[in-house]
Each structure stands twice: as structure tokens, then as C-alpha cells.
Amino acid sequence: MALDAKLVKTKPDYQQAKQQLSDTNRRIAEAKLLSLRMQMNPHFVFNSLNAINNFVLQNDSEQASRYLTVFATLMRQILANTQTDWVSLHDELIALRSYIELEQLRCDGHFDVDVQIDAALNAYTVQVPPLLIQPYVENAIRRGLLPQLNGHPQLKINCKRAGNQLSISIADNGIGRAAAASMHARSMAENQLQGSQVAEERIALVNDIYGVDAHIESLDLVTTDGQPAGTCITFTQNLKP
Amino acid sequence: MTALFVDDEKHCRDVLSLLLKRYCPNVTIVAQCASGQEGHTAIDSLRPDLVFLDIEMPGMSGFEMLEACRYNGFRVIFTTAFNEYAIKAIRHNALDYILKPIDKDELIRAVAKAEQALASHAPSQIDQFLGYLQSQRAGDRIALPTMEGLQIIHSAEIYYCESDGGYTRFALRSGQIILISKTLKEVEEVLESKGFCRVHHSYLINLRYVQRYIRGDGGEVVMENNKALPVSRNKKQEFLSLLEKI
């Protein structure tokens with residue numbers, strides 16, 4: 001009798017434990033996601049402030065004020081990211097544009113930027129993980145475009161809808177990944193460029209929790225005669241209902 | 001005092017040049033370079049007293065640029081936005097750095113310090129710093145001079161070293177024994193900072209492979225390969241306190 005009663009009791013206990021375990025796993029995943037969302041290259045932050053300080057010292061209050069507000073816009077978005085897993089594409093693009101504008105300031109306008117958004121996308125309702133693609137934009141600028149000393153270095157961001165999917169492509173006409181890798185293999189600066197690894201971890205966690213089938217594809221661009229012509233990174237995810 | 005700066009970001013060069021002109025009138029700027037490559041060429045030909053050097057630059061980092069310089073009789077002040085690893089290396093070698101955005105008081109302090117060092121002809125420490133970087137990069141690898149040439153091994157490959165007169169025998173984990181013509185004392189100087197302990201006048205052991213210690217007058221230490229080695233009475237305390245740390 002006693003044994004039977006115990007056996008009956010075990011089953012709900014097991015179910016409960018299983019439920020608890022999956023709750024715990026989810027919380028761990030969420031905590032990890034939070035810590036990853038907050039990362040921004042400190043090198044970028046302090047150099048941007050130095051660039052703004054330059055305007056202050058030159059008594060160019062107009063420019064100082066302008067870039068200070070751009071910096072504030074980006075910081076506001078980064079802080080907001082700690083509160084939420086999703087932002088509208090509209091807000092995301094504002095943050096990305098602020099980020100890019102500060103990078104352009106840092107390198108004295110070395111490259112141009114062009115951001116396109118497909119008319120089939122409603123930027124106010126489409127949701128994306130905040131600043132997830134920022135590290136790829138950072139790589140495109142710092143590893144692709146800045147070392148590019150020929151032609152007109154250009155960054156192109158294109159947001160498109162394909163069926164039930166959102167795709168954001170980040171294309172640069174920089175030096176290409178092979179040349180960038182050989183430059184950075186020698187350089188000790190490489191530990192600064194771990195951003196895309198963090199992004200990959202975030203993508204895995206976002207998929208675990210929300211099942212949006214997010215992924216990244218990388219493509220080496222080449223000219224018609226096979227010379228490296230830059231890199232195109234495409235982020236794809238299912239549109240969230 | 002002549003100064004040169006190397007920084008890939010123009011706004012950094014602008015701020016530095018403006019602050020120096022405003023607050024450090026003794027400093028004459030002789031060149032502003034936008035890359036490590038430009039930097040070392042300019043340093044070798046202009047031989048400045050002082051170099052402000054950014055660390056994170058595409059292509060050639062500030063540290064790599066220092067290595068490329070043929071002339072190194074200048075003072076260096078690193079300028080960096082953020083780099084814990086680099087700052088640790090700089091501090092370790094008693095060199096100077098200032099953080100970006102640059103604070104004028106910090107700049108004035110660093111320039112005054114460089115001026116003082118220059119006046120007293122103190123060594124620039126750059127050679128020492130480069131040696132330190134090299135040893136960091138090499139990690140724990142050491143080069144053993146053998147009959148045929150050099151054998152490069154990782155310190156983790158060594159069980160222990162045994163003195164044999166003016167020679168030292170290395171017992172490796174692979175079972176290989178290497179005899180080199182250096183005294184155990186010389187070998188100890190290289191390995192003591194890498195987790196090795198001289199337990200006996202004839203033995204220098206790798207602490208990570210100690211399996212057991214057997215009490216005795218000095219006692220005995222048994223290594224992972226079951227080899228037992230004697231511990232001298234006067235080395236016993238030092239050895240036991242080192243063991244407690246692992």
C-alpha cells in the first residue's frame with residue numbers, strides 16, 4: 001500500500017521538477033541575453049567622447065552640441081535595451097544611424113553610408129533584437145572600410161521583406177575579410193573585435209527563447225575579375241507576429 | 001622638448017595638439033602621424049624627445065610600432081581610450097599613459113614627468129618594455145640549446161630538471177630526456193616564475209605535476225610519473241608553502 005502511494009506521488013513531482021528545470025533554464029538564458037545586450041565597445045565610447053571634446057576645445061559649440069545629442073540618442077537606446085528583448089525596426093535604425101554617425105566623426109568622414117528600407121516593411125511594427133547587428137556594422141567599418149584607401153568607401157544597409165522573413169544586409173566595399181584577417185592576425189588589437197562572437201551567442205539565445213530562426217550569413221564580394229570587393233553580412237529572422 | 005604623436009584618429013591628434021599648445025608651452029610638436037608605419041619612419045628621422053602613442057590602430061598597433069623603431073631614445077606616453085591588457089603591461093614597466101578623452105591636468109602631469117626624466121637622463125625603459133611584451137607573447141615557452149640547435153618547449157611539458165655538474169637534464173612528460181649545457185641555477189632563474197621550485201640542490205620541479213609529498217627529514221616528493229625526488233631540509237618550508245598556493 002505504502003509503496004503504491006509513493007509511486008503515484010512521484011509522477012507529478014517529476015513533472016514539477018521538469019517544469020522547474022525548464023523555467024530555470026529560461027531564466028538563465030534571459031540573464032545571459034541581458035548581459036550580452038548591454039555590451040558596447042568601450043573603445044568606441046571613449047573615442048567618441050574625445051571627438052566631442054575636440055569640438056568643445058575648438059569652441060565649436062554647434063558641433064559639440066550636435067554630436068553630444070547623437071551620443072545621447074545612442075546611449076538612451078543602449079540603456080533601453082536592458083529593459084527589452086525587442087525594439088521596433090524604426091528605433092533600431094535610429095540607434096544604428098547614431099552609432100554610424102559617431103564612427104564617421106571618429107574617422108573624419110572616411111566613408112559614406114546609405115540606409116534603405118523596403119516599402120513592404122512597416123518599421124514601426126516590425127520587431128528586432130536591439131543592436132544585435134551593430135557588431136557586424138562595426139566590423140564592416142573598422143575591418144573593411146577604414147583600411148580601404150581606394151575609391152569611395154561606402155556602407156550600405158538594406159532592410160527587406162521576403163515572404164514571412166525580415167532580412168537586413170550590411171554591405172561594405174572595403175578590403176574584404178581575407179585581407180582584414182591577415183591584418184588582424186598580426187595585431188594585438190584583435191581582442192577588441194569580439195563583438196560578432198557575442199552577437200552569435202545572442203542569436204542562439206534569441207532562437208532558444210523566441211524561436212524566430214534568426215541567423216547570419218556572410219558573403220565575400222568580388223569584382224568581375226575575381227578581386228575582393230568587400231563583404232556582405234545578412235541577418236535574417238522570421239517576422240514576429 | 002620636441003614631441004611627435006601617432007594616432008589614427010584625427011580628433012585625437014587635434015585635441016592633443018591644442019592642449020599641448022595651450023598648457024605645455026615647452027613642448028614643440030615636430031610631427032603628427034596617422035599610422036604606426038608613418039610613426040616609426042618619422043621617429044627614426046626626427047628623433048623626438050617625447051612620443052605620444054595610441055595603442056589601438058589598424059594595421060600596426062602602437063606596441064608593434066615601438067618594435068619597428070630603430071631609434072628608441074625617446075620618452076613615450078601612451079594615449080588610450082580603453083585597454084586593460086595594455087594598461088597592465090604599461091604599468092608593469094613603469095611607463096606612462098593618459099586616458100582619452102584627455103584631461104589637461106593629466107597631460108600636464110605626464111609631460112612634466114617626461115621632462116624630468118629627460119633632464120636626469122634616466123633610461124627610457126623602452127627596451128625593457130619590448131622585452132616584457134616579447135616574453136608575454138612567447139607565453140611559457142623556452143628554448144633549450146641542444147647539440148643540433150634549439151628545441152622549443154612549453155614549460156608545461158617539463159616534469160623536473162636535474163643538475164649534472166655544469167649540465168642540466170630536463171625530464172619531459174613525453175619521456176624524452178634533454179641534456180643542455182647550462183647549470184641548474186641558470187635554468188632556475190628562467191623557470192622559477194613559471195611554477196617551478198628548487199626542492200634540492202640537484203632538483204628543480206614543476207609544481208603542477210607533484211602527486212604526493214612524503215614526510216621525512218626533508219621528505220620526498222613523488223611526481224605524476226611516480227618518480228620520487230628528495231627534498232632538502234632547508235628547502236622544505238619554502239616548498240610546502242608554495243604547494244599550499246596551488
# chains A, B, ... in the order shown; residues from 1 in each chain; ligands from 1

$ interface_residues --of "chain A" --to "chain B" --cutoff "12 Å" --atoms "only C-alpha atoms" --output "MDAnalysis selection string"
chainID A and resid 41:59 102:110 141:148 179:193

$ write_last_selection --atoms "C-alpha atoms" --output "PDB file, in the first residue's frame"
ATOM      1  CA  ASN A  41      32.876  48.520 -27.299  1.00  0.00           C
ATOM      2  CA  PRO A  42      34.356  50.844 -24.645  1.00  0.00           C
ATOM      3  CA  HIS A  43      36.943  51.929 -27.162  1.00  0.00           C
ATOM      4  CA  PHE A  44      34.142  53.348 -29.275  1.00  0.00           C
ATOM      5  CA  VAL A  45      32.523  55.100 -26.296  1.00  0.00           C
ATOM      6  CA  PHE A  46      35.640  56.918 -25.093  1.00  0.00           C
ATOM      7  CA  ASN A  47      36.910  57.840 -28.522  1.00  0.00           C
ATOM      8  CA  SER A  48      33.514  59.332 -29.365  1.00  0.00           C
ATOM      9  CA  LEU A  49      33.711  61.428 -26.215  1.00  0.00           C
ATOM     10  CA  ASN A  50      37.196  62.530 -27.199  1.00  0.00           C
ATOM     11  CA  ALA A  51      35.895  63.604 -30.597  1.00  0.00           C
ATOM     12  CA  ILE A  52      33.165  65.659 -28.928  1.00  0.00           C
ATOM     13  CA  ASN A  53      35.699  67.149 -26.541  1.00  0.00           C
ATOM     14  CA  ASN A  54      37.621  68.282 -29.594  1.00  0.00           C
ATOM     15  CA  PHE A  55      34.677  70.488 -30.652  1.00  0.00           C
ATOM     16  CA  VAL A  56      34.451  71.896 -27.136  1.00  0.00           C
ATOM     17  CA  LEU A  57      38.128  72.817 -27.142  1.00  0.00           C
ATOM     18  CA  GLN A  58      37.804  74.367 -30.624  1.00  0.00           C
ATOM     19  CA  ASN A  59      34.890  76.452 -29.331  1.00  0.00           C
ATOM     20  CA  LEU A 102      29.799  58.780 -34.427  1.00  0.00           C
ATOM     21  CA  GLU A 103      32.065  56.346 -36.279  1.00  0.00           C
ATOM     22  CA  GLN A 104      32.089  58.750 -39.233  1.00  0.00           C
ATOM     23  CA  LEU A 105      33.055  61.549 -36.864  1.00  0.00           C
ATOM     24  CA  ARG A 106      35.878  59.433 -35.428  1.00  0.00           C
ATOM     25  CA  CYS A 107      37.383  58.740 -38.844  1.00  0.00           C
ATOM     26  CA  ASP A 108      36.804  62.250 -40.193  1.00  0.00           C
ATOM     27  CA  GLY A 109      34.178  61.184 -42.745  1.00  0.00           C
ATOM     28  CA  HIS A 110      36.263  58.462 -44.356  1.00  0.00           C
ATOM     29  CA  ILE A 141      33.502  49.871 -40.745  1.00  0.00           C
ATOM     30  CA  ARG A 142      36.621  49.093 -38.758  1.00  0.00           C
ATOM     31  CA  ARG A 143      37.871  45.999 -40.552  1.00  0.00           C
ATOM     32  CA  GLY A 144      36.503  46.639 -44.020  1.00  0.00           C
ATOM     33  CA  LEU A 145      36.141  50.341 -44.734  1.00  0.00           C
ATOM     34  CA  LEU A 146      38.760  52.105 -42.604  1.00  0.00           C
ATOM     35  CA  PRO A 147      41.706  50.183 -44.101  1.00  0.00           C
ATOM     36  CA  GLN A 148      40.224  50.778 -47.580  1.00  0.00           C
ATOM     37  CA  ALA A 179      42.854  40.938 -46.060  1.00  0.00           C
ATOM     38  CA  ALA A 180      41.266  42.078 -42.774  1.00  0.00           C
ATOM     39  CA  ALA A 181      42.074  38.752 -41.127  1.00  0.00           C
ATOM     40  CA  SER A 182      45.706  38.890 -42.187  1.00  0.00           C
ATOM     41  CA  MET A 183      45.963  42.449 -40.862  1.00  0.00           C
ATOM     42  CA  HIS A 184      44.491  41.499 -37.549  1.00  0.00           C
ATOM     43  CA  ALA A 185      46.362  38.256 -37.115  1.00  0.00           C
ATOM     44  CA  ARG A 186      49.477  40.318 -36.564  1.00  0.00           C
ATOM     45  CA  SER A 187      47.850  42.916 -34.442  1.00  0.00           C
ATOM     46  CA  MET A 188      47.201  42.709 -30.759  1.00  0.00           C
ATOM     47  CA  ALA A 189      44.152  44.886 -31.312  1.00  0.00           C
ATOM     48  CA  GLU A 190      42.181  41.822 -32.281  1.00  0.00           C
ATOM     49  CA  ASN A 191      40.905  41.125 -28.792  1.00  0.00           C
ATOM     50  CA  GLN A 192      38.850  44.277 -29.185  1.00  0.00           C
ATOM     51  CA  LEU A 193      36.859  42.812 -32.029  1.00  0.00           C
TER      52      LEU A 193
END

$ select_by_dssp --residues "range 145-238 of chain B" --states "strand (DSSP E)" --output "PyMOL selection string"
chain B and resi 145+150-154+158-164+167-172+177-180+196-200+203-206+210-214+220-223+228-230

$ write_last_selection --atoms "C-alpha atoms" --output "PDB file, in the first residue's frame"
ATOM      1  CA  PRO B 145      70.144  24.776 -26.679  1.00  0.00           C
ATOM      2  CA  LEU B 150      67.421  24.771 -30.349  1.00  0.00           C
ATOM      3  CA  GLN B 151      64.453  22.826 -29.081  1.00  0.00           C
ATOM      4  CA  ILE B 152      61.458  24.976 -28.142  1.00  0.00           C
ATOM      5  CA  ILE B 153      59.319  23.521 -25.394  1.00  0.00           C
ATOM      6  CA  HIS B 154      56.453  24.691 -23.262  1.00  0.00           C
ATOM      7  CA  ILE B 158      58.625  19.572 -18.132  1.00  0.00           C
ATOM      8  CA  TYR B 159      58.324  17.251 -15.106  1.00  0.00           C
ATOM      9  CA  TYR B 160      61.556  18.302 -13.475  1.00  0.00           C
ATOM     10  CA  CYS B 161      65.149  19.350 -14.145  1.00  0.00           C
ATOM     11  CA  GLU B 162      68.138  17.610 -12.644  1.00  0.00           C
ATOM     12  CA  SER B 163      71.592  19.006 -12.141  1.00  0.00           C
ATOM     13  CA  ASP B 164      74.520  17.117 -13.590  1.00  0.00           C
ATOM     14  CA  TYR B 167      74.813  20.483 -17.193  1.00  0.00           C
ATOM     15  CA  THR B 168      71.087  20.184 -16.643  1.00  0.00           C
ATOM     16  CA  ARG B 169      68.935  17.251 -17.589  1.00  0.00           C
ATOM     17  CA  PHE B 170      65.290  18.010 -18.477  1.00  0.00           C
ATOM     18  CA  ALA B 171      62.815  15.190 -17.831  1.00  0.00           C
ATOM     19  CA  LEU B 172      59.847  15.791 -20.131  1.00  0.00           C
ATOM     20  CA  ILE B 177      65.374  13.492 -21.630  1.00  0.00           C
ATOM     21  CA  ILE B 178      67.235  16.575 -22.876  1.00  0.00           C
ATOM     22  CA  LEU B 179      70.701  17.456 -21.647  1.00  0.00           C
ATOM     23  CA  ILE B 180      71.762  21.071 -22.016  1.00  0.00           C
ATOM     24  CA  PHE B 196      58.828  25.663 -10.624  1.00  0.00           C
ATOM     25  CA  CYS B 197      60.521  25.102  -7.264  1.00  0.00           C
ATOM     26  CA  ARG B 198      64.089  24.187  -6.413  1.00  0.00           C
ATOM     27  CA  VAL B 199      63.439  21.458  -3.831  1.00  0.00           C
ATOM     28  CA  HIS B 200      67.003  20.220  -3.659  1.00  0.00           C
ATOM     29  CA  TYR B 203      66.346  19.158  -8.482  1.00  0.00           C
ATOM     30  CA  LEU B 204      64.039  21.813  -9.847  1.00  0.00           C
ATOM     31  CA  ILE B 205      60.484  20.506 -10.091  1.00  0.00           C
ATOM     32  CA  ASN B 206      57.317  21.593 -11.880  1.00  0.00           C
ATOM     33  CA  VAL B 210      53.531  16.927  -7.821  1.00  0.00           C
ATOM     34  CA  GLN B 211      51.427  13.928  -6.846  1.00  0.00           C
ATOM     35  CA  ARG B 212      52.401  13.288  -3.207  1.00  0.00           C
ATOM     36  CA  TYR B 213      54.668  14.564  -0.513  1.00  0.00           C
ATOM     37  CA  ILE B 214      56.110  12.039   1.882  1.00  0.00           C
ATOM     38  CA  GLU B 220      60.314  13.209  -0.620  1.00  0.00           C
ATOM     39  CA  VAL B 221      58.143  14.398  -3.420  1.00  0.00           C
ATOM     40  CA  VAL B 222      56.502  11.965  -5.813  1.00  0.00           C
ATOM     41  CA  MET B 223      55.838  13.247  -9.325  1.00  0.00           C
ATOM     42  CA  ALA B 228      60.346  10.127  -6.226  1.00  0.00           C
ATOM     43  CA  LEU B 229      62.732  13.047  -5.686  1.00  0.00           C
ATOM     44  CA  PRO B 230      64.388  14.174  -2.452  1.00  0.00           C
TER      45      PRO B 230
END

$ residues_around --residues "Leu95 in chain B" --least-positions-apart "4" --cutoff "9 Å" --atoms "only C-alpha atoms" --output "count of residues only"
11

$ select_by_dssp --residues "range 9-236 of chain A" --states "helix (DSSP H, G or I)" --output "PyMOL selection string"
chain A and resi 9-37+42-57+61-81+89-106+134-145+177-186+188-192+195-210

$ atom_distance --atom1 "CA of Glu106 in chain B" --atom2 "CA of Cys24 in chain B"
11.7 Å

$ closest_residue --among "A:Leu132, A:Ile94, A:Tyr14, A:Gln237" --to "Glu200 in chain A" --atoms "only C-alpha atoms"
A:Leu132

$ residues_around --residues "Ser98 in chain A" --least-positions-apart "2" --cutoff "9 Å" --atoms "only C-alpha atoms" --output "PDB file with N, CA and C atoms, in the first residue's frame"
ATOM      1  N   VAL A  70      23.667  63.227 -30.438  1.00  0.00           N
ATOM      2  CA  VAL A  70      23.729  61.938 -31.148  1.00  0.00           C
ATOM      3  C   VAL A  70      24.204  60.846 -30.185  1.00  0.00           C
ATOM      4  N   PHE A  71      25.235  61.187 -29.423  1.00  0.00           N
ATOM      5  CA  PHE A  71      25.770  60.246 -28.435  1.00  0.00           C
ATOM      6  C   PHE A  71      24.675  59.882 -27.417  1.00  0.00           C
ATOM      7  N   THR A  73      21.446  59.946 -27.864  1.00  0.00           N
ATOM      8  CA  THR A  73      20.436  59.105 -28.508  1.00  0.00           C
ATOM      9  C   THR A  73      20.860  57.634 -28.458  1.00  0.00           C
ATOM     10  N   LEU A  74      22.124  57.405 -28.784  1.00  0.00           N
ATOM     11  CA  LEU A  74      22.624  56.039 -28.787  1.00  0.00           C
ATOM     12  C   LEU A  74      22.657  55.455 -27.369  1.00  0.00           C
ATOM     13  N   LEU A  93      16.927  51.468 -36.243  1.00  0.00           N
ATOM     14  CA  LEU A  93      17.666  52.202 -37.275  1.00  0.00           C
ATOM     15  C   LEU A  93      18.128  53.568 -36.769  1.00  0.00           C
ATOM     16  N   ILE A  94      17.342  54.172 -35.878  1.00  0.00           N
ATOM     17  CA  ILE A  94      17.784  55.450 -35.286  1.00  0.00           C
ATOM     18  C   ILE A  94      19.071  55.227 -34.492  1.00  0.00           C
ATOM     19  N   ALA A  95      19.085  54.141 -33.697  1.00  0.00           N
ATOM     20  CA  ALA A  95      20.278  53.848 -32.891  1.00  0.00           C
ATOM     21  C   ALA A  95      21.474  53.533 -33.786  1.00  0.00           C
ATOM     22  N   LEU A  96      21.224  52.725 -34.825  1.00  0.00           N
ATOM     23  CA  LEU A  96      22.325  52.367 -35.726  1.00  0.00           C
ATOM     24  C   LEU A  96      22.879  53.588 -36.447  1.00  0.00           C
ATOM     25  N   ILE A 100      26.626  54.945 -36.374  1.00  0.00           N
ATOM     26  CA  ILE A 100      27.424  55.131 -37.594  1.00  0.00           C
ATOM     27  C   ILE A 100      27.919  56.576 -37.707  1.00  0.00           C
ATOM     28  N   GLU A 101      27.043  57.508 -37.319  1.00  0.00           N
ATOM     29  CA  GLU A 101      27.425  58.925 -37.400  1.00  0.00           C
ATOM     30  C   GLU A 101      28.644  59.215 -36.507  1.00  0.00           C
ATOM     31  N   LEU A 102      28.660  58.582 -35.331  1.00  0.00           N
ATOM     32  CA  LEU A 102      29.799  58.780 -34.427  1.00  0.00           C
ATOM     33  C   LEU A 102      31.067  58.126 -34.992  1.00  0.00           C
ATOM     34  N   GLU A 103      30.902  56.968 -35.642  1.00  0.00           N
ATOM     35  CA  GLU A 103      32.065  56.346 -36.279  1.00  0.00           C
ATOM     36  C   GLU A 103      32.590  57.226 -37.409  1.00  0.00           C
TER      37      GLU A 103
END
